[in-house]
Amino acid sequence: MVAVRRATAPLLLAGALLLTGCSDDAPAAPAPVVTTTTASPTPSSPTPSPSPSPSPSPSPSSSATPPPAAAAGKVVVLDPGHNGGNGAHPAEINRPVPAGRGQTKPCNTTGTATNAGYPEHAFTFDVAQRVGKALADKGIRVVYTRQDDTGVGPCVDRRAAIGNDANADAVVSIHADGSEAAGANGFHVAYSSPPLNAAQGAPSTRLAQTLRDTMRTNGFSAANYIGTDGLSARADLGGLNLSTRPAALVECGNMRNATEAARMTSADGRQRFASAIAAAIEAYLAS
């Protein structure tokens with residue numbers, strides 16, 4: 001989630017702002033990059049649900065035709081938004097870093113949370129691990145911008161560099177929104193616009209459209225409060241602006257909406273998000 005779009009209720013910890021708007025940002029000390037080439041264990045990030053690896057709940061789209069298999073050997077970078085240690089390190093995450101288009105932004109933010117306190121950083125990390133396992137099972141090489149949910153950052157410019165350095169075939173940032181607008185719900189997919197390089201043109205637009213289409217096919221509704229038809233052209237997201245690889249950011253839903261919050265806090269719900277995102281990435285790689 002991006003800070004400019006949210007107004008979330010602040011929580012205080014050690015005198016620092018713990019809860020801010022969602023952003024594609026990250027920390028001063030870059031987290032180690034994790035590369036997955038084979039199937040990995042089911043994610044074990046802290047979640048309120050006791051079931052670590054549930055199967056996705058049935059949905060109206062469960063009979064949809066699966067996407068074509070992606071060729072093994074492709075490289076995908078998964079960027080789970082924020083980090084669990086960000087709130088305790090305000091000086092690090094508020095440090096300005098390059099954000100593209102001649103601008104700077106804070107290194108990272110804490111992200112948002114449900115009204116019951118389930119944090120975005122935990123949601124994004126869990127979903128990213130599930131997506132990564134599904135892709136690795138297909139022989140796709142997966143690189144993560146952070147390897148745990150207890151660190152700080154990495155900063156937005158470092159997150160973009162990880163995708164660039166990996167020569168990724170696709171970079172997907174995973175977030176959740178925190179809008180308090182009345183009735184705000186649904187997912188949307190952001191991409192850099194106007195493009196700053198060739199990868200941000202047709203390739204990134206196609207990645208964003210594939211994510212949008214596949215989320216819909218898997219039973220998720222497009223946002224009714226931001227973007228157009230599930231897509232949001234953005235010029236202010238550092239991780240997208242600085243990417244030289246096809247990149248998009250998916251806001252899976254609004255954590256302040258009771259129905260979507262319930263889905264995000266359940267293991268079955270997170271698996272549904274992960275299955276849709278993984279299917280979209282496979283379809284993009286195979287197209």
# chains A, B, ... in the order shown; residues from 1 in each chain; ligands from 1
call {"tool": "residues_around", "arguments": {"residues": "region 242-250 of chain A", "least_positions_apart": "4", "cutoff": "9 Å", "atoms": "only C-alpha atoms", "output": "ChimeraX atom specification"}}
result
/A:1,24,79,98-101,156-157,159-161,163-164,167-176,187-192,196-208,211-212,237-238,277
call {"tool": "atom_distance", "arguments": {"atom1": "CA of Thr228 (chain A)", "atom2": "CA of Cys107 (chain A)"}}
result
28.2 Å
call {"tool": "residues_around", "arguments": {"residues": "Ile93 (chain A)", "least_positions_apart": "3", "cutoff": "10 Å", "atoms": "only C-alpha atoms", "output": "list in words"}}
result
Asp25, Ala26, Pro27, Ala28, Ala29, His82, Gly85, Asn86, Gly87, Ala88, His89, Pro90, Pro96, Val97, Lys105, Pro106, Cys107, Asn108, Thr109, Thr110, Val152, Gly153, Pro154, Cys155 and Val156 of chain A
call {"tool": "select_by_dssp", "arguments": {"residues": "region 166-232 of chain A", "states": "strand (DSSP E or B)", "output": "PyMOL selection string"}}
result
chain A and resi 170-177+187-192+222+228+231-232
call {"tool": "select_by_dssp", "arguments": {"residues": "region 138-284 of chain A", "states": "alpha helix (DSSP H)", "output": "ChimeraX atom specification"}}
result
/A:156-165,202-217,238-241,258-265,267-284
call {"tool": "atom_distance", "arguments": {"atom1": "CA of Gln129 (chain A)", "atom2": "CA of Val142 (chain A)"}}
result
9.9 Å
call {"tool": "residues_around", "arguments": {"residues": "Ala182 (chain A)", "least_positions_apart": "5", "cutoff": "10 Å", "atoms": "only C-alpha atoms", "output": "count of residues only"}}
result
3
call {"tool": "atom_distance", "arguments": {"atom1": "CA of Gly253 (chain A)", "atom2": "CA of Ile281 (chain A)"}}
result
18.3 Å
call {"tool": "closest_residue", "arguments": {"among": "A:Glu180, A:Asp137, A:Asp126, A:Glu282", "to": "Asn254 (chain A)", "atoms": "only C-alpha atoms"}}
result
A:Glu180
call {"tool": "decode", "arguments": {"residues": "region 84-118 of chain A", "atoms": "N, CA and C atoms", "output": "CSV table (one decimal), in the first residue's frame"}}
result
chain,number,residue,atom,x,y,z
A,84,GLY,N,8.5,-6.5,9.2
A,84,GLY,CA,8.0,-6.5,10.6
A,84,GLY,C,8.8,-5.6,11.5
A,85,GLY,N,10.1,-5.3,11.2
A,85,GLY,CA,10.9,-4.5,12.1
A,85,GLY,C,10.9,-3.0,11.8
A,86,ASN,N,10.1,-2.7,10.7
A,86,ASN,CA,10.2,-1.3,10.3
A,86,ASN,C,9.7,-0.3,11.4
A,87,GLY,N,8.6,-0.7,12.1
A,87,GLY,CA,8.0,0.3,13.1
A,87,GLY,C,8.9,0.6,14.2
A,88,ALA,N,9.9,-0.2,14.5
A,88,ALA,CA,10.8,0.0,15.6
A,88,ALA,C,12.1,0.8,15.2
A,89,HIS,N,12.2,1.1,13.9
A,89,HIS,CA,13.4,1.8,13.4
A,89,HIS,C,13.0,3.0,12.5
A,90,PRO,N,12.3,4.0,13.1
A,90,PRO,CA,11.9,5.1,12.3
A,90,PRO,C,13.0,5.9,11.6
A,91,ALA,N,14.1,6.0,12.2
A,91,ALA,CA,15.2,6.7,11.5
A,91,ALA,C,15.6,6.1,10.3
A,92,GLU,N,15.7,4.7,10.3
A,92,GLU,CA,16.1,4.0,9.1
A,92,GLU,C,15.1,4.1,8.0
A,93,ILE,N,13.8,3.8,8.3
A,93,ILE,CA,12.8,3.8,7.3
A,93,ILE,C,12.4,5.2,6.8
A,94,ASN,N,12.7,6.2,7.5
A,94,ASN,CA,12.4,7.6,7.1
A,94,ASN,C,13.5,8.2,6.3
A,95,ARG,N,14.6,7.5,6.2
A,95,ARG,CA,15.8,8.1,5.4
A,95,ARG,C,15.4,8.2,4.0
A,96,PRO,N,15.6,9.4,3.3
A,96,PRO,CA,15.2,9.5,1.9
A,96,PRO,C,16.1,8.8,1.0
A,97,VAL,N,15.5,8.2,0.0
A,97,VAL,CA,16.3,7.4,-1.0
A,97,VAL,C,15.7,7.8,-2.4
A,98,PRO,N,16.5,7.5,-3.4
A,98,PRO,CA,16.0,7.8,-4.8
A,98,PRO,C,14.7,7.0,-5.1
A,99,ALA,N,13.8,7.7,-5.8
A,99,ALA,CA,12.5,7.1,-6.1
A,99,ALA,C,12.1,7.2,-7.6
A,100,GLY,N,13.1,7.6,-8.4
A,100,GLY,CA,12.9,7.8,-9.8
A,100,GLY,C,12.2,9.1,-10.1
A,101,ARG,N,12.3,9.5,-11.4
A,101,ARG,CA,11.7,10.7,-11.9
A,101,ARG,C,12.3,12.0,-11.1
A,102,GLY,N,13.5,11.9,-10.6
A,102,GLY,CA,14.2,13.0,-10.0
A,102,GLY,C,13.7,13.2,-8.5
A,103,GLN,N,12.9,12.3,-8.0
A,103,GLN,CA,12.3,12.4,-6.7
A,103,GLN,C,13.0,11.5,-5.7
A,104,THR,N,12.7,11.8,-4.4
A,104,THR,CA,13.1,10.9,-3.3
A,104,THR,C,11.9,10.5,-2.5
A,105,LYS,N,12.0,9.4,-1.8
A,105,LYS,CA,10.9,9.0,-0.9
A,105,LYS,C,11.5,8.4,0.4
A,106,PRO,N,10.8,8.3,1.5
A,106,PRO,CA,11.3,7.5,2.6
A,106,PRO,C,11.7,6.1,2.2
A,107,CYS,N,12.7,5.6,2.8
A,107,CYS,CA,13.2,4.3,2.5
A,107,CYS,C,12.1,3.2,2.5
A,108,ASN,N,11.2,3.3,3.5
A,108,ASN,CA,10.1,2.3,3.5
A,108,ASN,C,9.1,2.9,4.5
A,109,THR,N,8.0,2.2,4.7
A,109,THR,CA,7.0,2.5,5.7
A,109,THR,C,6.6,1.2,6.4
A,110,THR,N,5.7,1.4,7.4
A,110,THR,CA,5.3,0.2,8.2
A,110,THR,C,4.2,-0.5,7.5
A,111,GLY,N,3.5,0.1,6.6
A,111,GLY,CA,2.3,-0.5,6.0
A,111,GLY,C,1.1,-0.3,6.8
A,112,THR,N,0.0,-0.9,6.4
A,112,THR,CA,-1.3,-0.7,7.1
A,112,THR,C,-1.6,-2.0,7.9
A,113,ALA,N,-2.9,-2.1,8.4
A,113,ALA,CA,-3.3,-3.3,9.1
A,113,ALA,C,-4.8,-3.4,9.1
A,114,THR,N,-5.4,-4.5,9.5
A,114,THR,CA,-6.8,-4.6,9.6
A,114,THR,C,-7.2,-3.8,10.9
A,115,ASN,N,-8.5,-3.6,11.0
A,115,ASN,CA,-9.0,-2.9,12.2
A,115,ASN,C,-8.7,-3.7,13.5
A,116,ALA,N,-8.5,-5.0,13.3
A,116,ALA,CA,-8.2,-5.9,14.5
A,116,ALA,C,-6.7,-6.0,14.7
A,117,GLY,N,-5.9,-5.4,13.9
A,117,GLY,CA,-4.4,-5.3,14.1
A,117,GLY,C,-3.6,-6.3,13.3
A,118,TYR,N,-4.1,-7.1,12.4
A,118,TYR,CA,-3.3,-8.0,11.6
A,118,TYR,C,-2.6,-7.1,10.6
